[in-house]
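Enquirer: One structure coming up, written as structure tokens, with questions to follow.
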Amino acid sequence: MIERQSRIVRDDKIRRTLTDANPWWRAAASGGDPTAWAADHRLLRDRAAHDLGFRSPVLSDVSTGAVADLLTVLTGPRRIGESVALLDTAAALCERADVDPRQVIHLPCDGMRERDLSRSLTLGRELTRSV
């Protein structure tokens, strides 16, 4: 009988994922422009080469609405634009004077198990606790 070892994502890997997925945190911490990351982000930069100007309104209520203690989860089949919609929303939130960019947490969840997701949320709260 073969026993499968359950793979647990280590906390340092989760912290690295969170830090890499939220480049606006670094800018906010250093006093830089919290929107500068958008010009260099691979997904947004690559879209610019084929941009027809369409922006999904799927998260417009989040990006323009009142600030709330809100967890928004966007799911869907692969390659339909969830990541781009989330990054557009993050960029819009980073432009707002009433939002500290460290309040915006993007967490790519591909391949995560429930316990990894739960631990990621806990670590995300710890990393942004000072805000």
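If you're wondering about the labels, chains in the structure tokens are A, B, ... by order shown, residues count from 1 in each chain, ligands from 1 in order shown.
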Using the chain letters and numbers from this document, which residues of chain A does DSSP assign to alpha helix (DSSP H), as a ChimeraX atom specification?
Expert: /A:11-21,23-30,37-40,42-48,60-64,82-95,114-127
Enquirer: Please produce a file of those selected residues containing C-alpha atoms, as a compact mmCIF listing (two decimals), in the first residue's frame.
Expert:
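selection-v4.txt, written as the output of this step:
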# COMPACT_ATOMS: atom_id res chain seq x y z
CA ASP A 11 4.94 29.70 6.01
CA ASP A 12 8.04 31.23 4.41
CA LYS A 13 6.76 30.22 0.95
CA ILE A 14 3.35 31.71 1.70
CA ARG A 15 4.96 34.96 2.90
CA ARG A 16 7.06 35.09 -0.28
CA THR A 17 3.96 34.46 -2.41
CA LEU A 18 2.09 37.25 -0.63
CA THR A 19 5.01 39.67 -0.94
CA ASP A 20 5.51 38.88 -4.64
CA ALA A 21 1.77 39.10 -5.42
CA PRO A 23 4.09 44.79 -5.12
CA TRP A 24 2.15 47.85 -3.95
CA TRP A 25 3.05 46.91 -0.35
CA ARG A 26 6.74 47.59 -1.00
CA ALA A 27 5.99 50.97 -2.54
CA ALA A 28 3.72 51.97 0.34
CA ALA A 29 6.29 50.87 2.92
CA SER A 30 9.09 52.85 1.23
CA TRP A 37 4.01 48.45 -10.20
CA ALA A 38 1.18 48.35 -12.79
CA ALA A 39 3.44 49.55 -15.63
CA ASP A 40 5.85 46.68 -15.01
CA ARG A 42 3.67 41.09 -16.69
CA LEU A 43 -0.09 40.56 -17.15
CA LEU A 44 -0.95 44.24 -17.42
CA ARG A 45 2.09 45.04 -19.57
CA ASP A 46 1.32 42.19 -21.99
CA ARG A 47 -2.30 43.27 -22.26
CA ALA A 48 -1.16 46.71 -23.43
CA SER A 60 -16.12 48.10 -10.07
CA ASP A 61 -18.22 48.22 -6.90
CA VAL A 62 -15.13 47.19 -4.91
CA SER A 63 -12.75 49.62 -6.62
CA THR A 64 -15.03 52.66 -6.44
CA GLU A 82 -9.88 36.91 -13.19
CA SER A 83 -6.27 37.86 -12.46
CA VAL A 84 -6.36 40.86 -14.77
CA ALA A 85 -9.67 42.04 -13.24
CA LEU A 86 -8.19 41.66 -9.75
CA LEU A 87 -5.01 43.52 -10.70
CA ASP A 88 -7.02 46.33 -12.34
CA THR A 89 -9.02 46.59 -9.12
CA ALA A 90 -5.84 46.63 -7.01
CA ALA A 91 -4.43 49.42 -9.19
CA ALA A 92 -7.64 51.44 -8.83
CA LEU A 93 -7.64 50.95 -5.05
CA CYS A 94 -3.97 51.97 -4.83
CA GLU A 95 -4.85 55.27 -6.55
CA GLU A 114 -8.00 24.43 2.33
CA ARG A 115 -5.39 24.43 5.10
CA ASP A 116 -2.93 26.36 2.87
CA LEU A 117 -5.59 28.96 2.13
CA SER A 118 -6.50 29.29 5.79
CA ARG A 119 -2.84 29.73 6.77
CA SER A 120 -2.34 32.23 3.93
CA LEU A 121 -5.19 34.37 5.22
CA THR A 122 -3.72 34.30 8.72
CA LEU A 123 -0.27 35.29 7.44
CA GLY A 124 -1.78 38.00 5.22
CA ARG A 125 -3.45 39.51 8.28
CA GLU A 126 -0.16 39.36 10.19
CA LEU A 127 1.77 41.03 7.38
Enquirer: Atom CA of Ala68 of chain A and atom CA of Arg113 of chain A, how far apart in Å?
Expert: 27.2 Å
Enquirer: If you measure from atom CA of His41 of chain A to atom CA of Pro108 of chain A, what distance in Å do you get, rounded to one decimal?
Expert: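 Atom CA of Pro108 of chain A lies at a distance of 14.6 Å from atom CA of His41 of chain A.
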Enquirer: In Å, with one decimal, what is the gap from atom CA of Val58 of chain A to atom CA of Ile105 of chain A?
Expert: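 Separation between atom CA of Val58 of chain A and atom CA of Ile105 of chain A: 17.5 Å.
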Enquirer: Which is closest to Asp100 of chain A among A:His50, A:Leu71, A:Asp33, A:Arg79, if we use only C-alpha atoms?
Expert: A:Asp33
